[in-house]
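Heads up, the thing below is written out as structure tokens.
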Amino acid sequence: MSMPRPDAPDRDDDELPPRTTDEGGGERPKFPGVAIFLIVLLLFMALFHYLRSPDFHGSSVDYSFFLEQLDQGNVRQAKIDGVTLTGEWITAPDQPQTESQKAEHAVAKAAGKTVEIPKYEIEFNTIISQFEDRTLLSKLTEKKVEFVSVNNSVGLLGTVLFTTLPLLLIVGLFILMMRRNSDPFGSGMFGSFTKSPAKRFKASSQKTTFNDVAGMEHAKRELQEVVEFLKDPAKFQRLGATIPKGVLLMGPPGTGKTLMARATAGEAGVPFFSINGSEFIQMFVGVGASRVRDMFRTAKDASPSILFVDEIDAVGRVRGAGVGGGHDEREQTLNQILSEMDGFQQNEAVIVIAATNRPDVLDPALLRPGRFDRHVAVEKPTRVGRLGILKVHSRKVPLAADVDLDEIAQGTIGFSGADLRNLVNEAALNATREGKSAVDREDFEYARDRIMMGAKREELINDHDRRMTAYHEAGHALIAWMSAEIDLVHKVTIVPRGRALGVTQLLPDEDRLSYGERRLHAMMVMMLAGRSAEKLVFDEYTAGAEDDLKRATDMARRMVAHWGMSDRIGPASFRQVEEHPFLGKEIHEQRQFSEDTAHRIDEEISRFLNEAAKEATRMLTVHRDKLDALADGLMSEEILDRPQMTKLIGPPVERRHKPARLAHSDETDGAGADKK
């Protein structure tokens with residue numbers, strides 16, 4: 001697996017609306033409903049303000065003060081608008097003074113100071129008293145004041161409309177926010193629940209091809225027929241062959257399933273539609289099915305094309321596994337997907353590619369021929385694949401002369417493509433922090449330790465806990481060092497990393513697809529060795545062995561109940577109910593074995609673990625001097641690598657893989673693991 005070139009566009013580049021079918025890249029203009037709504041609302045508010053607001057100018061005065069000035073003949077003109085009266089003085093009058101202000105002015109005059117009393121502006125406005133006895137017009141006429149009376153009332157309908165407009169605005173905004181939250185992909189004034197949120201990439205924007213993908217030769221061979229069909233459908237139709245309508249990419253997270261789909265579209269040079277399975281599911285029943293119909297209709301209109309559904313297990317789980325019944329939104333969406341995939345016509349060149357890391361939970365109807373005909377396993381890369389991936393990701397990273405990518409690929413067994421990309425990035429970040437001009441071997445070693453063991457934690461640990469941690473990790477390292485069935489120790493440290501106080505790092509020397517019984521028993525001994533070392537040296541157990549116990553118990557349970565490695569239980573597999581991902585299915589499914597069988601399984605698990613702990617204690621007792629040497633070395637150095645351990649306790653036991661004992665063979669094997 002690899003990632004696209006650094007110069008490849010991001011996922012959001014050159015995206016088009018899902019309903020656009022113009023190959024020229026034109027984008028359908030979106031209806032700016034919200035903008036038009038706000039503009040119209042502002043116009044209504046401006047109109048309301050213009051019609052209802054009084055023409056206020058100048059100073060606001062009391063109505064009684066206005067009457068006094070009117071009696072004194074100091075009013076030149078007036079305008080009456082309802083209860084509002086605006087006008088103009090002949091001479092700007094003095095503002096009324098309070099008693100305290102009058103007293104201050106009197107003191108100032110007595111002291112010979114000039115006192116300026118503030119005056120009103122020449123224009124004024126006031127509110128006519130509601131107790132006006134209708135003599136105002138007579139007084140204005142008597143004082144020969146020019147006046148005019150206007151009426152800007154908007155009527156009953158306008159009053160109701162404009163008084164309720166703020167309430168309508170609040171309700172409208174609330175509804176709009178609710179619709180947006182429930183359907184973040186909606187567009188337009190009222191949202192778009194039924195439109196597919198699939199992102200479309202133009203054929204010209206697909207810069208990722210099979211040349212940019214490393215470590216997935218098998219998957220590329222499987223998808224090459226799909227590419228050839230999309231390029232030349234007549235070649236297959238001439239002989240009556242039909243290309244698989246659906247291709248399911250299965251594999252662990254980070255192995256490059258999404259990248260493989262994009263590379264297929266880029267290789268074929270066809271439009272590429274991408275959507276996540278969770279985007280179908282909304283809070284309203286029927287929305288997911290409508291989106292499925294719209295998505296497939298859009299893909300057909302743009303055919304030949306590729307429709308990529310990522311994380312299809314979010315919508316394609318086994319029907320009847322939930323508690324919602326047949327009306328469940330997820331099941332209705334799955335039913336629509338099944339109907340659309342089975343309804344393709346032979347001349348519609350639309351290929352559906354889906355990706356999941358949980359193929360075991362998919363509905364059987366989704367996996368049958370005619371829907372997802374071809375199942376492609378995208379596994380973690382081999383050494384050659386890891387080398388190719390490292391070369392892709394280090395294209396723009398300046399590497400020092402001591403960096404050997406082949407050696408790094410050999411030491412990163414089990415890494416996915418995403419892990420390798422992160423490895424290169426962490427190494428580059430560390431080189432940047434150190435101010436280096438190139439990324440060297442030490443930076444890659446730091447990055448690998450950070451990924452496998454976690455980041456260092458700055459914590460103060462007292463001497464007793466530190467020594468106990470040293471013996472715990474020394475126990476793990478010593479058993480792995482002395483066992484021929486376990487991967488060789490690469491590094492052991494008591495520096496707190498991640499969530500652990502210490503870490504023992506093992507590096508496999510080859511890719512493994514299967515584990516034998518001897519190896520599994522030896523690994524259980526190694527897992528429980530840290531706990532046994534604590535008991536041997538300090539005569540007590542600590543809570544630091546919780547993760548070791550959890551992993552060892554899980555391994556023992558799988559050996560007994562899943563892999564048939566117990567002579568007492570025999571060659572049988574017993575599924576554990578708690579491992580099933582669906583609560584609804586567990587409700588009506590009964591356990592397929594008796595209580596007596598469950599009791600015997602538990603006894604065998606306990607026997608495996610107890611024998612592993614005894615074997616760990618025995619080996620640590622025999623090699624107590626080496627255990628003390630490793631613990632003392634960790635106390636002084638904190639980190640021990642393979643050469644340092646060799647100097648302290650001698651070379652490790654040679655790694656070997658014994659063949660399985662044949663039936664009717666007189667050969668006896670004294671290994672303790674086989675006796676368990």
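Lettering and numbering for the structure tokens are positional, with chains as A, B, ... in the shown order, residues counted from 1 in each chain, and ligands counted from 1 in the shown order.
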For Val352 in chain A, please output as a PDB file with C-alpha atoms, in the first residue's frame all residues within 7 Å (counting only C-alpha atoms; exclusion window: fewer than 4 positions along the same chain).
```pdb
ATOM      1  CA  LYS A 245     -20.644  -4.966 -10.802  1.00  0.00           C
ATOM      2  CA  GLY A 246     -19.147  -4.688  -7.353  1.00  0.00           C
ATOM      3  CA  VAL A 247     -15.656  -5.054  -5.907  1.00  0.00           C
ATOM      4  CA  ILE A 306     -16.681   4.426 -10.415  1.00  0.00           C
ATOM      5  CA  LEU A 307     -18.763   4.721  -7.260  1.00  0.00           C
ATOM      6  CA  PHE A 308     -16.696   4.252  -4.097  1.00  0.00           C
TER       7      PHE A 308
END
```
Discussion item. I'd like to know which residues of range 444-538 of chain A are alpha helix (DSSP H) (by DSSP, run on the backbone); could you write them as a VMD selection string?
Written reply: chain A and resid 444 to 453 463 to 482 517 to 538
Item to complete: Kindly indicate which residue among A:Asp567, A:His623, A:Pro304, A:Asp628 lies nearest to Ile601 in chain A, using only C-alpha atoms for the distances.
Response: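 Using only C-alpha atoms, the shortest distance to Ile601 in chain A belongs to A:Asp567.
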Fill in: range 227-242 of chain A environment, 8 Å, only C-alpha atoms, sequence neighbours closer than 3 positions dropped, as number ranges by chain
A: 223-224, 264-265, 267-270, 304-305, 346, 349
Okay, now the selection with N, CA, C and O atoms, as an mmCIF file, in the first residue's frame?
```
data_model
loop_
_atom_site.group_PDB
_atom_site.id
_atom_site.type_symbol
_atom_site.label_atom_id
_atom_site.label_comp_id
_atom_site.auth_asym_id
_atom_site.auth_seq_id
_atom_site.Cartn_x
_atom_site.Cartn_y
_atom_site.Cartn_z
ATOM 1 N N LEU A 223 -7.930 -5.696 -9.898
ATOM 2 C CA LEU A 223 -8.653 -4.520 -10.377
ATOM 3 C C LEU A 223 -8.274 -4.131 -11.802
ATOM 4 O O LEU A 223 -8.891 -3.235 -12.375
ATOM 5 N N GLN A 224 -7.269 -4.778 -12.369
ATOM 6 C CA GLN A 224 -6.861 -4.430 -13.722
ATOM 7 C C GLN A 224 -7.971 -4.730 -14.725
ATOM 8 O O GLN A 224 -8.172 -3.989 -15.696
ATOM 9 N N THR A 264 -7.638 3.112 -9.085
ATOM 10 C CA THR A 264 -8.403 2.443 -10.142
ATOM 11 C C THR A 264 -9.122 3.461 -11.010
ATOM 12 O O THR A 264 -9.123 3.369 -12.247
ATOM 13 N N ALA A 265 -9.735 4.467 -10.370
ATOM 14 C CA ALA A 265 -10.410 5.511 -11.139
ATOM 15 C C ALA A 265 -9.417 6.327 -11.946
ATOM 16 O O ALA A 265 -9.676 6.694 -13.102
ATOM 17 N N GLU A 267 -6.524 5.305 -13.091
ATOM 18 C CA GLU A 267 -5.998 4.475 -14.168
ATOM 19 C C GLU A 267 -6.992 4.378 -15.320
ATOM 20 O O GLU A 267 -6.611 4.380 -16.493
ATOM 21 N N ALA A 268 -8.285 4.300 -14.977
ATOM 22 C CA ALA A 268 -9.309 4.185 -16.019
ATOM 23 C C ALA A 268 -9.655 5.530 -16.634
ATOM 24 O O ALA A 268 -10.191 5.579 -17.744
ATOM 25 N N GLY A 269 -9.379 6.626 -15.935
ATOM 26 C CA GLY A 269 -9.690 7.952 -16.463
ATOM 27 C C GLY A 269 -11.166 8.239 -16.533
ATOM 28 O O GLY A 269 -11.663 8.828 -17.499
ATOM 29 N N VAL A 270 -11.930 7.824 -15.509
ATOM 30 C CA VAL A 270 -13.378 8.019 -15.501
ATOM 31 C C VAL A 270 -13.754 8.826 -14.261
ATOM 32 O O VAL A 270 -12.975 8.922 -13.305
ATOM 33 N N PRO A 304 -19.287 5.915 -18.284
ATOM 34 C CA PRO A 304 -18.694 4.988 -17.319
ATOM 35 C C PRO A 304 -18.064 5.721 -16.134
ATOM 36 O O PRO A 304 -17.416 6.748 -16.309
ATOM 37 N N SER A 305 -18.262 5.179 -14.940
ATOM 38 C CA SER A 305 -17.775 5.850 -13.736
ATOM 39 C C SER A 305 -17.558 4.808 -12.653
ATOM 40 O O SER A 305 -17.934 3.637 -12.788
ATOM 41 N N GLN A 346 -27.129 -4.103 -18.343
ATOM 42 C CA GLN A 346 -25.838 -4.592 -18.811
ATOM 43 C C GLN A 346 -25.030 -3.508 -19.509
ATOM 44 O O GLN A 346 -23.822 -3.583 -19.586
ATOM 45 N N ALA A 349 -22.126 1.116 -17.580
ATOM 46 C CA ALA A 349 -20.750 0.873 -17.125
ATOM 47 C C ALA A 349 -20.488 1.626 -15.831
ATOM 48 O O ALA A 349 -19.809 2.645 -15.799
#
```
Fill in: Neighbour list for range 451-462 of chain A as an MDAnalysis selection string, cut-off 12 Å, only C-alpha atoms, skip fewer than 3 positions in-chain
chainID A and resid 411:416 418:427 444:448 465:470 490:507 635
Worksheet item: To one decimal place, how far is CA of Asp94 in chain A from CA of Lys113 in chain A in Å?
Response: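 That distance, rounded to one decimal, is 18.5 Å.
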